[in-house]
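One file, coords-v9.tsv, carrying TSV, C-alpha atoms:
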```
chain	number	residue	atom	x	y	z
V	11	GLU	CA	-2.52	14.43	16.37
V	12	ASP	CA	-2.42	13.65	12.66
V	13	LYS	CA	1.02	13.19	11.16
V	14	VAL	CA	2.27	13.00	7.61
V	15	VAL	CA	6.02	12.46	7.33
V	16	GLN	CA	7.91	12.53	4.07
V	17	SER	CA	11.40	11.24	3.52
V	18	PRO	CA	13.96	12.11	2.50
V	19	LEU	CA	13.56	15.86	2.96
V	20	SER	CA	15.84	16.43	-0.01
V	21	LEU	CA	17.50	14.32	-2.66
V	22	VAL	CA	20.01	15.04	-5.42
V	23	VAL	CA	20.34	12.61	-8.33
V	24	HIS	CA	21.67	12.50	-11.88
V	25	GLU	CA	19.53	12.35	-14.98
V	26	GLY	CA	18.52	8.79	-15.72
V	27	ASP	CA	18.49	7.67	-12.09
V	28	THR	CA	15.41	6.14	-10.47
V	29	VAL	CA	14.13	7.67	-7.24
V	30	THR	CA	11.70	6.55	-4.58
V	31	LEU	CA	10.02	9.09	-2.34
V	32	ASN	CA	8.32	8.01	0.86
V	33	CYS	CA	5.27	9.23	2.73
V	34	SER	CA	4.16	7.70	6.02
V	35	TYR	CA	1.10	8.78	7.92
V	36	GLU	CA	-0.76	8.43	11.17
V	37	VAL	CA	-4.36	9.56	10.83
V	38	THR	CA	-7.68	8.21	11.94
V	39	ASN	CA	-10.54	7.76	9.50
V	40	PHE	CA	-8.28	7.70	6.48
V	41	ARG	CA	-9.99	8.49	3.19
V	42	SER	CA	-7.27	8.99	0.58
V	43	LEU	CA	-3.65	9.97	-0.02
V	44	LEU	CA	-2.63	12.51	-2.61
V	45	TRP	CA	0.68	13.28	-4.29
V	46	TYR	CA	1.43	16.72	-5.74
V	47	LYS	CA	4.40	18.16	-7.62
V	48	GLN	CA	5.32	21.75	-6.78
V	49	GLU	CA	7.76	23.59	-8.99
V	50	LYS	CA	7.99	27.32	-8.56
V	51	LYS	CA	4.41	28.00	-7.65
V	52	ALA	CA	1.21	26.00	-7.48
V	53	PRO	CA	1.24	22.32	-6.60
V	54	THR	CA	-0.05	20.22	-9.47
V	55	PHE	CA	-1.97	17.04	-8.81
V	56	LEU	CA	-0.26	13.73	-9.59
V	57	PHE	CA	-2.14	10.85	-7.99
V	58	MET	CA	-4.92	10.01	-5.61
V	59	LEU	CA	-4.68	6.66	-3.83
V	60	THR	CA	-7.47	5.09	-1.86
V	61	SER	CA	-6.87	1.34	-2.04
V	62	SER	CA	-3.88	-0.69	-0.92
V	63	GLY	CA	-1.72	-2.45	-3.43
V	64	ILE	CA	-3.10	-0.87	-6.58
V	65	GLU	CA	-0.39	0.97	-8.48
V	66	LYS	CA	-1.24	4.24	-10.14
V	67	LYS	CA	0.94	5.04	-13.12
V	68	SER	CA	1.46	8.06	-15.32
V	69	GLY	CA	4.39	7.91	-17.71
V	70	ARG	CA	7.59	7.59	-15.69
V	71	LEU	CA	5.80	8.21	-12.39
V	72	SER	CA	4.06	5.57	-10.34
V	73	SER	CA	2.70	5.36	-6.82
V	74	ILE	CA	1.33	2.75	-4.49
V	75	LEU	CA	-0.35	2.78	-1.11
V	76	ASP	CA	0.00	0.36	1.80
V	77	LYS	CA	-2.87	0.95	4.22
V	78	LYS	CA	-1.68	-1.75	6.59
V	79	GLU	CA	1.78	-0.26	7.07
V	80	LEU	CA	0.46	3.30	6.59
V	81	PHE	CA	2.73	4.56	3.86
V	82	SER	CA	2.92	5.38	0.21
V	83	ILE	CA	5.80	5.61	-2.23
V	84	LEU	CA	6.21	7.68	-5.34
V	85	ASN	CA	8.62	6.27	-7.93
V	86	ILE	CA	10.16	8.23	-10.75
V	87	THR	CA	12.16	6.27	-13.31
V	88	ALA	CA	14.67	7.66	-15.82
V	89	THR	CA	14.62	11.04	-14.10
V	90	GLN	CA	14.95	14.24	-16.11
V	91	THR	CA	15.94	17.75	-15.06
V	92	GLY	CA	12.29	18.74	-15.44
V	93	ASP	CA	11.44	16.41	-12.58
V	94	SER	CA	13.23	18.77	-10.20
V	95	ALA	CA	10.57	20.00	-7.78
V	96	VAL	CA	9.16	19.61	-4.31
V	97	TYR	CA	6.92	16.56	-4.09
V	98	LEU	CA	4.13	16.90	-1.56
V	99	CYS	CA	2.15	14.14	0.06
V	100	ALA	CA	-1.23	14.86	1.65
V	101	VAL	CA	-3.67	12.66	3.52
V	102	VAL	CA	-7.43	13.22	3.56
V	103	LYS	CA	-9.33	12.05	6.59
V	104	ARG	CA	-12.95	12.19	7.56
V	105	SER	CA	-13.25	14.49	10.57
V	106	GLY	CA	-16.86	14.06	11.64
V	107	GLY	CA	-20.13	14.07	9.72
V	108	SER	CA	-19.47	15.18	6.18
V	109	ASN	CA	-16.30	17.04	7.12
V	110	TYR	CA	-12.90	16.18	5.73
V	111	LYS	CA	-9.46	17.37	6.66
V	112	LEU	CA	-6.34	17.44	4.51
V	113	THR	CA	-2.92	17.27	6.16
V	114	PHE	CA	0.23	17.88	4.13
V	115	GLY	CA	3.72	16.59	4.73
V	116	LYS	CA	6.66	19.00	4.50
V	117	GLY	CA	7.64	17.72	1.09
V	118	THR	CA	10.70	16.17	-0.54
V	119	LEU	CA	12.92	18.49	-2.59
V	120	LEU	CA	14.19	16.54	-5.59
V	121	THR	CA	17.03	17.98	-7.64
V	122	VAL	CA	17.96	16.21	-10.87
V	123	ASN	CA	21.33	17.25	-12.25
V	124	PRO	CA	22.23	16.83	-15.93
O	136	ASP	CA	-9.74	28.39	-19.98
O	137	GLY	CA	-10.90	26.66	-16.83
O	138	GLY	CA	-8.83	27.06	-13.72
O	139	ILE	CA	-8.05	28.89	-10.54
O	140	THR	CA	-6.55	32.34	-10.54
O	141	GLN	CA	-4.98	34.28	-7.74
O	142	SER	CA	-3.99	37.88	-7.69
O	143	PRO	CA	-1.74	39.64	-7.23
O	144	LYS	CA	1.30	37.41	-7.77
O	145	TYR	CA	3.44	39.49	-5.42
O	146	LEU	CA	2.19	41.81	-2.70
O	147	PHE	CA	4.04	44.10	-0.34
O	148	ARG	CA	2.39	45.51	2.73
O	149	LYS	CA	3.42	47.74	5.55
O	150	GLU	CA	2.97	46.52	9.09
O	151	GLY	CA	-0.42	47.41	10.50
O	152	GLN	CA	-2.24	47.29	7.17
O	153	ASN	CA	-4.94	44.85	6.15
O	154	VAL	CA	-4.61	43.30	2.71
O	155	THR	CA	-6.96	41.13	0.64
O	156	LEU	CA	-5.80	38.31	-1.62
O	157	SER	CA	-8.06	37.32	-4.48
O	158	CYS	CA	-8.96	33.75	-5.49
O	159	GLU	CA	-11.34	32.99	-8.36
O	160	GLN	CA	-12.26	29.69	-9.99
O	161	ASN	CA	-14.43	28.88	-12.99
O	162	LEU	CA	-14.41	25.12	-12.46
O	163	ASN	CA	-17.84	25.11	-10.82
O	164	HIS	CA	-16.25	23.66	-7.70
O	165	ASP	CA	-18.23	23.81	-4.48
O	166	ALA	CA	-15.30	23.72	-2.05
O	167	MET	CA	-12.48	26.24	-1.76
O	168	TYR	CA	-9.48	26.47	0.54
O	169	TRP	CA	-6.72	28.81	1.63
O	170	TYR	CA	-3.29	27.55	2.65
O	171	ARG	CA	-0.14	29.19	3.85
O	172	GLN	CA	3.29	27.81	2.95
O	173	ASP	CA	6.48	28.79	4.77
O	174	PRO	CA	10.01	27.65	3.83
O	175	GLY	CA	10.65	24.11	5.01
O	176	GLN	CA	7.04	23.68	6.08
O	177	GLY	CA	4.14	21.82	4.59
O	178	LEU	CA	0.96	23.60	3.58
O	179	ARG	CA	-1.15	24.69	6.53
O	180	LEU	CA	-4.88	25.25	6.20
O	181	ILE	CA	-6.14	28.73	7.07
O	182	TYR	CA	-9.82	28.63	6.10
O	183	TYR	CA	-12.05	26.48	3.98
O	184	SER	CA	-15.50	26.74	2.48
O	185	GLN	CA	-17.59	23.71	1.65
O	186	ILE	CA	-20.25	25.66	-0.16
O	187	VAL	CA	-21.20	29.23	-0.97
O	188	ASN	CA	-22.14	31.39	2.05
O	189	ASP	CA	-20.40	29.00	4.42
O	190	PHE	CA	-16.81	28.85	5.66
O	191	GLN	CA	-14.90	27.31	8.56
O	192	LYS	CA	-11.62	27.98	10.34
O	193	GLY	CA	-8.69	25.75	9.52
O	194	ASP	CA	-5.64	25.08	11.67
O	195	ILE	CA	-4.17	28.60	11.65
O	196	ALA	CA	-7.10	31.01	11.19
O	197	GLU	CA	-6.01	33.64	13.71
O	198	GLY	CA	-5.38	37.00	12.05
O	199	TYR	CA	-7.19	36.04	8.84
O	200	SER	CA	-10.75	36.45	7.56
O	201	VAL	CA	-12.62	35.19	4.49
O	202	SER	CA	-15.95	35.51	2.72
O	203	ARG	CA	-17.77	33.27	0.25
O	204	GLU	CA	-20.56	35.33	-1.26
O	205	LYS	CA	-20.17	33.79	-4.70
O	206	LYS	CA	-19.34	30.23	-5.69
O	207	GLU	CA	-16.44	31.39	-7.87
O	208	SER	CA	-14.75	33.65	-5.34
O	209	PHE	CA	-13.07	33.12	-1.96
O	210	PRO	CA	-11.03	36.19	-0.98
O	211	LEU	CA	-8.68	36.08	2.01
O	212	THR	CA	-7.96	39.13	4.15
O	213	VAL	CA	-4.74	39.18	6.09
O	214	THR	CA	-5.37	41.51	8.98
O	215	SER	CA	-2.94	43.49	11.10
O	216	ALA	CA	-3.60	40.96	13.88
O	217	GLN	CA	-1.64	38.30	11.97
O	218	LYS	CA	1.73	38.37	13.70
O	219	ASN	CA	3.86	36.85	10.96
O	220	PRO	CA	2.09	37.34	7.64
O	221	THR	CA	5.06	37.09	5.26
O	222	ALA	CA	4.48	33.81	3.40
O	223	PHE	CA	3.34	32.19	0.18
O	224	TYR	CA	-0.45	31.87	0.07
O	225	LEU	CA	-2.15	29.19	-2.00
O	226	CYS	CA	-5.81	28.92	-2.85
O	227	ALA	CA	-7.33	25.61	-3.93
O	228	SER	CA	-10.68	24.24	-4.95
O	229	SER	CA	-12.27	20.82	-5.26
O	230	ILE	CA	-15.46	19.65	-6.88
O	231	ASP	CA	-16.81	18.81	-3.45
O	232	TRP	CA	-15.56	18.70	0.11
O	233	GLY	CA	-12.92	16.01	0.45
O	234	GLY	CA	-12.29	15.79	-3.29
O	235	THR	CA	-8.95	16.23	-5.01
O	236	GLN	CA	-7.81	19.81	-4.65
O	237	TYR	CA	-6.48	21.88	-7.53
O	238	PHE	CA	-4.30	24.85	-6.74
O	239	GLY	CA	-3.98	28.38	-7.98
O	240	PRO	CA	-0.57	29.91	-8.79
O	241	GLY	CA	-0.19	31.51	-5.37
O	242	THR	CA	0.45	34.98	-3.95
O	243	ARG	CA	3.69	35.84	-2.24
O	244	LEU	CA	3.03	38.37	0.52
O	245	THR	CA	5.87	40.32	2.07
O	246	VAL	CA	5.36	42.59	5.04
O	247	LEU	CA	7.88	45.41	5.19
```

Could I get this structure in the form of structure tokens?
Amino acid sequence: EDKVVQSPLSLVVHEGDTVTLNCSYEVTNFRSLLWYKQEKKAPTFLFMLTSSGIEKKSGRLSSILDKKELFSILNITATQTGDSAVYLCAVVKRSGGSNYKLTFGKGTLLTVNP
Amino acid sequence: DGGITQSPKYLFRKEGQNVTLSCEQNLNHDAMYWYRQDPGQGLRLIYYSQIVNDFQKGDIAEGYSVSREKKESFPLTVTSAQKNPTAFYLCASSIDWGGTQYFGPGTRLTVL
């Protein structure tokens, strides 16, 4: 059975802190790993990672994938209250022929206090 | 504006009634998806469609039905057979099957 496990489940920090969110996975036929940020409603896309060791960066957010150890981390530096959200990790696998399957973790709830 | 829209934002239904949730996209994406999100749970796939006139069951399809008659539209019907329908429903689309998914704003369904 495919598994995507995120940790911690929730985290409370102060503005300016740096946080690291973790996503470990056990899937066969791995294709890619995605990070999303979900505030009140729709998840918004952050990063797609397909290769080990190559950091993706967008402003204060960065992410890296380790396909040997089967995990990814999402770093947020100099956190702001607007970073408060649920961060979702999802893994895409090939599930036969041209079929793909996406499995989501339960998410990490990040709260940034002023 | 390009994007994915879902309607309504909030929906209340009495037990025993069927209800249809709308999902429309003007991104020219081939693939569309329906997910359900419950508190403390990740997103779970209900149905997906790789291309117009085709759709497949996801992990929790029981009590739901879909259609994909047009590329832009992928409505989800929550039937009375769905035992626990109160949830937040998210629609997504991707340029092709397996591509990065972009989400609509969601519909919160409450069964009274």

Q.
So the first atom is atom CA of O:Pro210 and the second is atom CA of V:Tyr46; what is the distance between them in Å, to one decimal place?
A. 23.6 Å

Q.
Residues of chain O within 8 Å of chain V, counting all atoms listed in the file - could you list those as a PyMOL selection string?
A. chain O and resi 175-179+225+232-233+235-241

V:Leu80: which residues within 10 Å, counting all atoms listed in the file, same-chain residues fewer than 6 positions away excluded, as a JSON list (two decimals) with C-alpha atoms, in the frame of the given file?
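And here's around_21.json as it stands now:
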```
[["chain", "number", "residue", "atom", "x", "y", "z"],
["V", 14, "VAL", "CA", 2.27, 13.00, 7.61],
["V", 33, "CYS", "CA", 5.27, 9.23, 2.73],
["V", 34, "SER", "CA", 4.16, 7.70, 6.02],
["V", 35, "TYR", "CA", 1.10, 8.78, 7.92],
["V", 36, "GLU", "CA", -0.76, 8.43, 11.17],
["V", 37, "VAL", "CA", -4.36, 9.56, 10.83],
["V", 40, "PHE", "CA", -8.28, 7.70, 6.48],
["V", 62, "SER", "CA", -3.88, -0.69, -0.92]]
```

Which neighbours of O:Leu180 fall inside 7 Å, counting all atoms listed in the file, when residues of the same chain fewer than 4 positions from it are skipped, and could you give them as a PDB file with C-alpha atoms, keeping the file's coordinate frame?
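Here's the written file around.pdb:
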```pdb
ATOM      1  CA  TRP O 169      -6.720  28.810   1.630  1.00  0.00           C
ATOM      2  CA  TYR O 170      -3.290  27.550   2.650  1.00  0.00           C
ATOM      3  CA  ARG O 171      -0.140  29.190   3.850  1.00  0.00           C
ATOM      4  CA  GLY O 193      -8.690  25.750   9.520  1.00  0.00           C
ATOM      5  CA  ASP O 194      -5.640  25.080  11.670  1.00  0.00           C
ATOM      6  CA  ILE O 195      -4.170  28.600  11.650  1.00  0.00           C
TER       7      ILE O 195
END
```

Q | Atom pair atom CA of V:Val23 / atom CA of V:Glu49: separation (Å) | A | 16.7 Å

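Atom CA of V:Val101 lies 10.3 Å from atom CA of V:Thr38.
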
Q) Which residue out of O:Leu211, O:Val201, O:Asn161, O:Gln172 has the minimum interatomic distance to O:Asn188 when only C-alpha atoms are used? A) O:Val201

Q: Identify which of the residues V:Tyr97, V:Thr28, V:Ala88, V:Leu120 lies closest to V:Gln48, counting all atoms listed in the file when measuring atom-to-atom distances.
A: V:Tyr97

**Q.** Proximity to V:Ser68 - best of V:Thr30, V:Phe81, V:Thr87, V:Glu25, all atoms listed in the file
**A.** V:Thr87

(Q) Just want the 7 Å neighbourhood of stretch 75-79 of chain V, counted on only C-alpha atoms, with same-chain residues fewer than 6 positions away dropped. Output as a PyMOL selection string. (A) chain V and resi 59+61-63

Q) Can you list, as a PyMOL selection string, every protein, DNA or RNA residue that comes within 9 Å of O:Asp231 when you count only C-alpha atoms, leaving out same-chain residues fewer than 5 positions away? A) chain O and resi 164-167+185-186

Q: Would you mind telling me which residue in O:Thr212, O:Gly198, O:Val187, O:Thr245 lies nearest to O:Asn163 when using all atoms listed in the file?
A: O:Val187

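Neighbours of V:Leu71 closer than or equal to 8 Å, with all atoms listed in the file counted and sequence neighbours fewer than 6 positions away skipped, come out as Leu84, Asn85, Ile86 and Thr87 of chain V.
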